[in-house]
file target-v2.cif (mmCIF, C-alpha atoms)
data_my_file
#
loop_
_atom_site.label_atom_id
_atom_site.label_comp_id
_atom_site.auth_asym_id
_atom_site.auth_seq_id
_atom_site.Cartn_x
_atom_site.Cartn_y
_atom_site.Cartn_z
CA MET A 1477 201.79 100.10 83.95
CA LYS A 1478 198.29 99.67 85.37
CA ASN A 1479 197.87 103.19 86.77
CA SER A 1480 199.86 105.04 84.13
CA PHE A 1481 198.72 107.80 81.78
CA LEU A 1482 200.40 110.31 79.49
CA LEU A 1483 200.42 113.85 80.85
CA TYR A 1484 201.17 116.13 77.91
CA GLY A 1485 202.10 119.68 78.83
CA ALA A 1486 203.49 118.37 82.11
CA TYR A 1487 205.79 121.32 82.77
CA GLY A 1488 203.08 123.96 82.41
CA TYR A 1489 201.61 125.38 85.59
CA THR A 1490 198.56 123.09 85.72
CA GLY A 1491 200.52 120.10 84.42
CA ARG A 1492 203.03 120.43 87.27
CA LEU A 1493 200.23 120.62 89.81
CA ILE A 1494 198.55 117.50 88.39
CA ALA A 1495 201.87 115.62 88.38
CA ARG A 1496 202.50 116.56 92.02
CA MET A 1497 199.03 115.46 93.14
CA ALA A 1498 198.91 112.22 91.12
CA ARG A 1499 200.21 110.08 93.97
CA GLN A 1500 197.17 111.03 96.07
CA TYR A 1501 195.15 109.07 93.50
CA ASN A 1502 197.66 106.21 93.16
CA LEU A 1503 198.42 107.30 89.59
CA GLN A 1504 201.74 107.52 87.78
CA PRO A 1505 201.87 110.00 84.92
CA VAL A 1506 204.35 109.72 82.09
CA LEU A 1507 205.49 113.32 81.78
CA ALA A 1508 205.50 114.63 78.23
CA GLY A 1509 206.11 117.81 76.29
CA ARG A 1510 208.28 119.39 73.60
CA ARG A 1511 211.28 120.43 75.74
CA GLU A 1512 213.54 117.96 77.53
CA ALA A 1513 215.13 120.28 80.10
CA PRO A 1514 211.99 120.96 82.19
CA LEU A 1515 210.91 117.31 81.87
CA ALA A 1516 214.28 116.10 83.15
CA GLU A 1517 214.02 118.55 86.03
CA MET A 1518 210.58 117.18 86.95
CA GLN A 1519 211.86 113.61 86.71
CA LYS A 1520 214.47 114.40 89.39
CA GLN A 1521 211.91 116.11 91.62
CA LEU A 1522 209.07 113.59 91.29
CA ASP A 1523 210.82 110.39 90.20
CA LEU A 1524 208.53 110.00 87.18
CA PRO A 1525 209.32 108.83 83.63
CA TYR A 1526 209.17 111.31 80.77
CA ARG A 1527 208.92 111.42 76.98
CA VAL A 1528 209.99 114.29 74.72
CA ILE A 1529 207.29 114.61 72.05
CA ASP A 1530 206.52 117.26 69.47
CA LEU A 1531 202.85 117.26 68.50
CA GLU A 1532 203.87 117.87 64.89
CA GLN A 1533 205.82 114.59 64.85
CA SER A 1534 202.85 112.26 64.54
CA SER A 1535 204.91 109.05 64.47
CA ASP A 1536 206.62 109.87 67.78
CA LEU A 1537 203.31 110.89 69.31
CA GLU A 1538 201.57 107.71 68.24
CA ALA A 1539 204.46 105.58 69.52
CA ALA A 1540 204.12 107.20 72.95
CA LEU A 1541 200.35 106.73 73.00
CA GLN A 1542 200.71 103.01 72.27
CA ASP A 1543 202.16 102.59 75.78
CA VAL A 1544 199.29 104.21 77.72
CA PRO A 1545 195.51 103.73 77.80
CA VAL A 1546 194.65 107.41 78.28
CA VAL A 1547 196.17 110.85 77.72
CA LEU A 1548 195.51 113.97 79.76
CA HIS A 1549 196.27 116.88 77.46
CA ALA A 1550 197.26 119.98 79.47
CA ALA A 1551 199.15 122.00 76.85
CA GLY A 1552 197.22 125.02 75.68
CA PRO A 1553 196.15 127.07 73.90
CA PHE A 1554 193.96 124.11 72.96
CA LEU A 1555 192.71 125.73 69.77
CA GLN A 1556 196.24 125.06 68.47
CA THR A 1557 197.14 121.82 70.26
CA ALA A 1558 193.98 119.75 70.65
CA THR A 1559 193.63 118.66 67.02
CA PRO A 1560 196.90 116.72 66.61
CA MET A 1561 196.53 115.05 70.00
CA MET A 1562 192.89 114.13 69.45
CA GLU A 1563 193.58 112.72 65.99
CA ALA A 1564 196.49 110.67 67.31
CA CYS A 1565 194.26 109.24 70.05
CA LEU A 1566 191.67 108.24 67.46
CA ARG A 1567 194.33 106.41 65.45
CA THR A 1568 195.86 104.61 68.43
CA GLY A 1569 192.72 103.83 70.43
CA THR A 1570 193.73 106.01 73.39
CA HIS A 1571 191.19 107.79 75.57
CA TYR A 1572 191.47 111.58 75.29
CA LEU A 1573 191.01 114.04 78.15
CA ASP A 1574 191.94 117.71 78.33
CA ILE A 1575 191.38 120.75 80.54
CA THR A 1576 190.11 123.17 77.90
CA GLY A 1577 187.30 125.66 78.27
CA GLU A 1578 187.26 126.63 74.58
CA ILE A 1579 183.95 126.18 72.77
CA ALA A 1580 185.56 125.29 69.44
CA VAL A 1581 187.49 122.40 70.99
CA PHE A 1582 184.33 120.92 72.51
CA GLU A 1583 182.54 121.23 69.20
CA GLN A 1584 185.46 119.60 67.40
CA ALA A 1585 185.48 116.66 69.80
CA LYS A 1586 181.71 116.33 69.41
CA SER A 1587 182.12 116.14 65.63
CA GLN A 1588 184.44 113.14 66.16
CA ASP A 1589 181.85 111.17 68.15
CA ALA A 1590 181.27 108.51 65.49
CA GLN A 1591 184.99 108.00 64.90
CA ALA A 1592 185.64 107.75 68.63
CA ARG A 1593 182.97 105.07 68.97
CA LYS A 1594 184.50 103.21 66.06
CA SER A 1595 187.93 103.44 67.72
CA GLY A 1596 186.48 102.25 71.03
CA ILE A 1597 187.58 105.30 73.01
CA MET A 1598 186.14 108.20 74.94
CA LEU A 1599 186.77 111.85 74.02
CA LEU A 1600 186.19 113.91 77.17
CA PRO A 1601 187.52 117.46 76.98
CA GLY A 1602 187.02 119.87 79.87
CA VAL A 1603 187.87 117.67 82.88
CA GLY A 1604 188.97 120.57 85.09
CA PHE A 1605 187.29 123.68 86.43
CA ASP A 1606 186.64 124.11 82.73
CA VAL A 1607 183.89 122.73 82.78
CA VAL A 1608 183.21 120.09 85.45
CA PRO A 1609 181.41 122.21 88.09
CA THR A 1610 179.39 124.29 85.62
CA ASP A 1611 178.42 121.25 83.54
CA CYS A 1612 177.35 119.36 86.65
CA LEU A 1613 175.32 122.30 87.95
CA ALA A 1614 173.64 122.63 84.55
CA LEU A 1615 172.49 119.00 84.58
CA TYR A 1616 171.47 119.22 88.25
CA LEU A 1617 169.21 122.18 87.43
CA LYS A 1618 167.83 120.44 84.36
CA ASN A 1619 166.86 117.50 86.57
CA GLN A 1620 165.08 119.92 88.92
CA MET A 1621 163.18 121.49 86.00
CA PRO A 1622 162.99 118.98 83.11
CA ASN A 1623 160.98 121.40 80.94
CA ALA A 1624 163.55 124.22 81.20
CA ILE A 1625 164.08 126.24 78.01
CA ALA A 1626 166.78 128.66 79.21
CA LEU A 1627 169.92 128.33 81.32
CA LYS A 1628 172.25 130.91 82.84
CA LEU A 1629 175.57 129.90 84.39
CA ALA A 1630 177.95 132.23 86.20
CA PHE A 1631 181.21 131.79 88.07
CA ALA A 1632 183.56 134.02 89.99
CA THR A 1633 186.78 133.54 91.92
CA LYS A 1634 188.29 135.00 95.07
CA GLY A 1635 192.04 134.84 95.63
CA GLY A 1636 194.32 132.71 93.47
CA GLY A 1637 195.34 134.07 90.07
CA LEU A 1638 195.94 133.13 86.44
CA SER A 1639 198.57 130.79 85.04
CA HIS A 1640 200.58 131.70 81.95
CA GLY A 1641 198.56 129.17 79.92
CA THR A 1642 195.18 130.53 81.01
CA ALA A 1643 196.29 134.11 80.40
CA ALA A 1644 197.64 133.20 76.94
CA THR A 1645 194.33 131.53 76.05
CA LEU A 1646 192.39 134.59 77.20
CA LEU A 1647 194.74 136.77 75.16
CA GLN A 1648 193.63 134.98 72.00
CA THR A 1649 190.04 136.03 72.67
CA LEU A 1650 190.80 139.75 73.00
CA GLY A 1651 189.12 141.67 70.24
CA GLN A 1652 187.02 138.64 69.25
CA LYS A 1653 183.28 138.02 69.53
CA GLY A 1654 181.61 136.24 72.41
CA SER A 1655 179.02 133.46 72.11
CA VAL A 1656 175.60 132.43 73.39
CA ARG A 1657 173.31 129.59 72.43
CA LYS A 1658 169.91 130.61 71.08
CA ASN A 1659 167.24 128.19 69.87
CA GLY A 1660 169.85 125.43 69.92
CA SER A 1661 172.43 127.23 67.77
CA ILE A 1662 175.65 128.99 68.79
CA ARG A 1663 175.49 132.67 67.91
CA ALA A 1664 178.15 135.37 68.01
CA VAL A 1665 177.53 138.34 70.30
CA PRO A 1666 179.82 141.02 71.75
CA ILE A 1667 181.71 139.91 74.87
CA GLY A 1668 180.04 141.40 77.92
CA HIS A 1669 176.84 142.29 76.05
CA LYS A 1670 174.87 141.50 79.23
CA GLY A 1671 175.65 142.04 82.90
CA MET A 1672 173.90 141.30 86.21
CA TRP A 1673 174.45 140.90 89.94
CA VAL A 1674 174.59 137.35 91.33
CA ASP A 1675 174.40 136.17 94.93
CA PHE A 1676 177.07 133.48 95.19
CA GLY A 1677 176.42 132.96 98.89
CA LYS A 1678 179.84 133.99 100.15
CA SER A 1679 179.60 137.26 98.23
CA ARG A 1680 177.44 139.18 95.78
CA ARG A 1681 179.29 139.81 92.53
CA PHE A 1682 178.70 141.54 89.23
CA VAL A 1683 179.08 139.22 86.21
CA ILE A 1684 179.20 139.71 82.46
CA THR A 1685 178.66 137.36 79.54
CA ILE A 1686 181.71 135.52 78.20
CA PRO A 1687 182.09 132.62 75.70
CA TRP A 1688 182.59 129.85 78.30
CA GLY A 1689 182.74 126.20 77.27
CA ASP A 1690 179.24 125.46 78.58
CA ILE A 1691 177.79 127.15 75.51
CA SER A 1692 178.75 123.82 73.96
CA THR A 1693 178.85 121.29 76.81
CA ALA A 1694 175.75 122.33 78.77
CA TYR A 1695 173.68 121.99 75.60
CA THR A 1696 175.01 118.48 75.07
CA SER A 1697 174.38 117.54 78.71
CA THR A 1698 170.92 119.10 79.07
CA GLY A 1699 169.43 119.84 75.64
CA ILE A 1700 168.38 123.30 76.89
CA PRO A 1701 168.20 125.48 73.75
CA ASP A 1702 169.06 128.92 75.22
CA ILE A 1703 172.29 129.21 77.24
CA GLU A 1704 174.29 132.18 78.52
CA THR A 1705 177.52 132.04 80.53
CA TYR A 1706 178.87 134.77 82.81
CA PHE A 1707 182.10 135.59 84.63
CA GLY A 1708 182.84 137.88 87.57
CA ALA A 1709 183.86 141.38 86.44
CA THR A 1710 183.23 144.99 87.47
CA PRO A 1711 180.47 147.39 86.45
CA PHE A 1712 183.22 149.65 85.05
CA MET A 1713 184.47 146.83 82.77
CA TYR A 1714 180.88 146.22 81.68
CA GLN A 1715 180.49 149.87 80.67
CA ALA A 1716 183.89 149.91 78.92
CA LEU A 1717 182.94 146.89 76.83
CA LYS A 1718 180.04 148.83 75.35
CA PHE A 1719 182.67 150.69 73.33
CA GLN A 1720 184.73 147.65 72.35
CA TRP A 1721 183.91 148.16 68.69
CA LEU A 1722 186.23 151.18 68.85
CA TYR A 1723 189.31 149.26 70.05
CA ASN A 1724 188.83 145.55 69.31
CA TRP A 1725 190.84 145.95 66.11
CA LEU A 1726 193.87 146.98 68.18
CA PHE A 1727 193.81 143.81 70.32
CA ARG A 1728 193.72 141.70 67.17
CA THR A 1729 196.95 143.16 65.78
CA ALA A 1730 200.12 141.06 65.92
CA PHE A 1731 201.96 143.93 67.61
CA MET A 1732 199.51 144.19 70.52
CA GLN A 1733 199.28 140.40 70.92
CA LYS A 1734 203.10 140.22 71.11
CA GLN A 1735 203.29 143.01 73.69
CA LEU A 1736 200.63 141.47 75.90
CA LEU A 1737 202.16 137.99 75.62
CA GLY A 1738 205.49 139.43 76.74
CA TYR A 1739 203.78 140.97 79.75
CA ILE A 1740 202.18 137.63 80.62
CA LYS A 1741 205.51 135.82 80.50
CA ARG A 1742 207.02 138.33 82.93
CA GLN A 1743 204.38 137.48 85.54
CA PRO A 1744 204.55 134.54 88.02
CA ALA A 1745 203.76 131.17 86.41
CA GLY A 1746 200.58 130.96 88.45
CA PRO A 1747 199.24 131.28 92.00
CA SER A 1748 201.43 129.93 94.79
CA ASP A 1749 200.35 127.01 96.96
CA GLU A 1750 199.44 129.52 99.69
CA GLN A 1751 197.35 131.59 97.27
CA ARG A 1752 195.54 128.49 96.06
CA ALA A 1753 194.84 127.42 99.63
CA ARG A 1754 193.30 130.81 100.44
CA GLY A 1755 191.32 131.11 97.22
CA HIS A 1756 187.96 129.65 96.29
CA SER A 1757 185.59 129.53 93.32
CA MET A 1758 181.86 130.11 93.18
CA VAL A 1759 179.36 128.83 90.61
CA TRP A 1760 175.72 129.86 90.19
CA GLY A 1761 173.05 128.66 87.80
CA GLU A 1762 169.44 129.36 86.91
CA VAL A 1763 166.98 127.58 84.65
CA ARG A 1764 163.69 128.99 83.40
CA ASP A 1765 160.66 127.32 81.85
CA GLN A 1766 158.24 128.65 79.25
CA LYS A 1767 155.91 130.05 81.94
CA GLY A 1768 158.70 132.12 83.47
CA ASN A 1769 159.21 129.89 86.51
CA THR A 1770 162.84 129.70 87.64
CA CYS A 1771 165.05 127.44 89.72
CA GLN A 1772 168.48 128.42 91.06
CA ALA A 1773 171.40 126.57 92.64
CA ARG A 1774 175.04 127.27 93.43
CA LEU A 1775 178.31 125.55 94.21
CA ASN A 1776 181.13 126.63 96.48
CA CYS A 1777 184.41 125.11 95.30
CA PRO A 1778 188.14 125.15 95.96
CA GLU A 1779 190.36 127.49 93.93
CA GLY A 1780 190.14 126.70 90.20
CA TYR A 1781 193.56 125.11 89.59
CA THR A 1782 193.22 122.96 92.70
CA TYR A 1783 189.78 121.88 91.48
CA THR A 1784 191.19 121.07 88.04
CA ALA A 1785 193.92 118.82 89.44
CA HIS A 1786 191.49 116.89 91.65
CA ALA A 1787 188.80 116.57 88.97
CA SER A 1788 191.13 115.42 86.19
CA LEU A 1789 192.86 112.84 88.40
CA MET A 1790 189.55 111.55 89.76
CA ILE A 1791 188.19 111.07 86.23
CA LEU A 1792 191.45 109.41 85.13
CA ASN A 1793 191.10 106.96 87.98
CA ARG A 1794 187.58 106.05 86.90
CA ILE A 1795 188.61 105.50 83.31
CA LEU A 1796 191.54 103.29 84.29
CA LYS A 1797 189.11 101.21 86.35
CA GLY A 1798 186.90 100.72 83.27
CA ASP A 1799 184.29 103.36 84.13
CA TRP A 1800 183.85 105.22 80.82
CA LYS A 1801 181.53 105.52 77.82
CA PRO A 1802 182.55 105.39 74.14
CA GLY A 1803 182.38 108.44 71.91
CA TYR A 1804 182.26 112.12 72.78
CA GLN A 1805 181.13 112.80 76.33
CA THR A 1806 180.70 115.70 78.71
CA PRO A 1807 181.68 115.38 82.40
CA ALA A 1808 178.12 115.45 83.74
CA GLY A 1809 176.74 113.52 80.77
CA CYS A 1810 179.14 110.66 81.48
CA TYR A 1811 179.35 110.68 85.28
CA GLY A 1812 176.22 112.53 86.43
CA PRO A 1813 175.57 115.88 88.15
CA ASP A 1814 177.02 114.71 91.49
CA LEU A 1815 180.49 114.33 89.97
CA ALA A 1816 181.27 117.89 91.04
CA LEU A 1817 180.56 117.02 94.67
CA GLN A 1818 183.24 114.33 94.75
CA ILE A 1819 185.96 116.99 94.76
CA PRO A 1820 187.13 117.77 98.32
CA GLY A 1821 185.55 120.91 99.73
CA VAL A 1822 182.67 121.29 97.24
CA LYS A 1823 179.21 122.16 98.54
CA ARG A 1824 175.98 122.48 96.54
CA GLU A 1825 172.93 124.48 97.53
CA LEU A 1826 169.48 124.50 95.92
CA LEU A 1827 168.16 128.02 96.32
CA ASP A 1828 164.56 127.56 95.20
CA GLN A 1829 162.52 124.55 94.30
CA ALA A 1830 161.13 124.25 90.80
CA PRO A 1831 157.32 124.28 90.73
CA LYS A 1832 155.67 120.92 90.21
CA PRO A 1833 154.14 120.46 86.74
#

call {"tool": "encode", "arguments": {"input": "target-v2.cif", "output": "structure tokens"}}
result
Amino acid sequence: MKNSFLLYGAYGYTGRLIARMARQYNLQPVLAGRREAPLAEMQKQLDLPYRVIDLEQSSDLEAALQDVPVVLHAAGPFLQTATPMMEACLRTGTHYLDITGEIAVFEQAKSQDAQARKSGIMLLPGVGFDVVPTDCLALYLKNQMPNAIALKLAFATKGGGLSHGTAATLLQTLGQKGSVRKNGSIRAVPIGHKGMWVDFGKSRRFVITIPWGDISTAYTSTGIPDIETYFGATPFMYQALKFQWLYNWLFRTAFMQKQLLGYIKRQPAGPSDEQRARGHSMVWGEVRDQKGNTCQARLNCPEGYTYTAHASLMILNRILKGDWKPGYQTPAGCYGPDLALQIPGVKRELLDQAPKP
């Protein structure tokens, strides 16, 4: 079918939202995942075809990919699931998209650039709030200050909540190191090793460093050698993280991971439609040149899961119309810094003009 794509992880929180919104973009997903019962339920609700596929069954996966030009992979944690799907796409000549924000997945896709070009496909991870708005703001700022040597990106949310998948992915990072990019290389640092106040326009928020996907993608899109990424937190959390060396070992134990995962599963699957409608996301960025000059900009966006559904479906539409580039790509690198503005409700503001050279 002309407007068809494979939506793997369709019965997860974000997958369900994407499936529901697909008709707004004249797209028809083929629902896919490991379990038949939730897929059959979605088929009745949305009148969409489905395929039961286990990622470990490569022959079944490849057979399903032969019938579609592109896959949107929405089944996390992507550190565990991206590899088999990406490799199957390379073998079958199927474009690969996902909604990850995990640095290692971006780096893995980047390492497959030559193979993707040989296969005649595009590998484009991070087509949701992870990392479309931040990647686009990074390139926008780079264009304002072409000689920038350092980039800071921060985001915060108001309202909404976390899905089971997002919470499970965050759980895997507990007790682990964070990341920054320094002199072009990714370096391990403690999570929350820096904190600062940021004016997001609608509110002023405290943010701390986290290993967000832009440590990988923003470098690819801009070439800026020093990159830090921040997320909204509290000053108390920032102070508590100074002592993380005392308790990180506990979060890494199988017992604690199991207990926390059980807690996550007992929570709602994700924010309700009403919560998403009330929520919004804020993104801020700053570049700096060698002389110390800075340039700042920010984005005001819909709630993160709403943004992800719109962004992924918009990019799918472009690919199905032949608008894509071979090899590994980033959202802004492929479609430009204004891609973020094509999502309903997004506004961009340049806070200070970069000095002329």

call {"tool": "atom_distance", "arguments": {"input": "target-v2.cif", "atom1": "atom CA of A:Ala1513", "atom2": "atom CA of A:Tyr1781"}}
result
24.1 Å

call {"tool": "closest_residue", "arguments": {"input": "target-v2.cif", "among": "A:Gly1708, A:Gly1699, A:Gly1552, A:Gly1660", "to": "A:Phe1682", "atoms": "all atoms listed in the file"}}
result
A:Gly1708

call {"tool": "resolve_selection", "arguments": {"input": "target-v2.cif", "expression": "the PyMOL selection byres ((chain A and resi 1495) around 10)", "output": "PyMOL selection string"}}
result
chain A and resi 1483+1486-1487+1490-1494+1496-1499+1503-1507+1518+1522+1524+1785+1789

call {"tool": "resolve_selection", "arguments": {"input": "target-v2.cif", "expression": "the PyMOL selection byres ((chain A and resi 1821) around 8)", "output": "list in words"}}
result
Asn1776, Cys1777, Pro1778, Ile1819, Pro1820, Val1822 and Lys1823 of chain A

call {"tool": "resolve_selection", "arguments": {"input": "target-v2.cif", "expression": "the PyMOL selection byres ((chain A and resi 1619-1634) around 6)", "output": "PyMOL selection string"}}
result
chain A and resi 1616-1618+1635+1700-1708+1755-1765+1830

call {"tool": "atom_distance", "arguments": {"input": "target-v2.cif", "atom1": "atom CA of A:Ser1534", "atom2": "atom CA of A:Gly1485"}}
result
16.1 Å

call {"tool": "closest_residue", "arguments": {"input": "target-v2.cif", "among": "A:Ala1614, A:Ala1592, A:Ala1664, A:Ala1508", "to": "A:Leu1482", "atoms": "only C-alpha atoms"}}
result
A:Ala1508

call {"tool": "atom_distance", "arguments": {"input": "target-v2.cif", "atom1": "atom CA of A:Gly1488", "atom2": "atom CA of A:Gln1542"}}
result
23.4 Å

call {"tool": "residues_around", "arguments": {"input": "target-v2.cif", "residues": "A:Ile1662", "least_positions_apart": "3", "cutoff": "8 Å", "atoms": "all atoms listed in the file", "output": "list in words"}}
result
Ser1655, Val1656, Arg1657, Lys1658, Ile1691 and Ser1692 of chain A
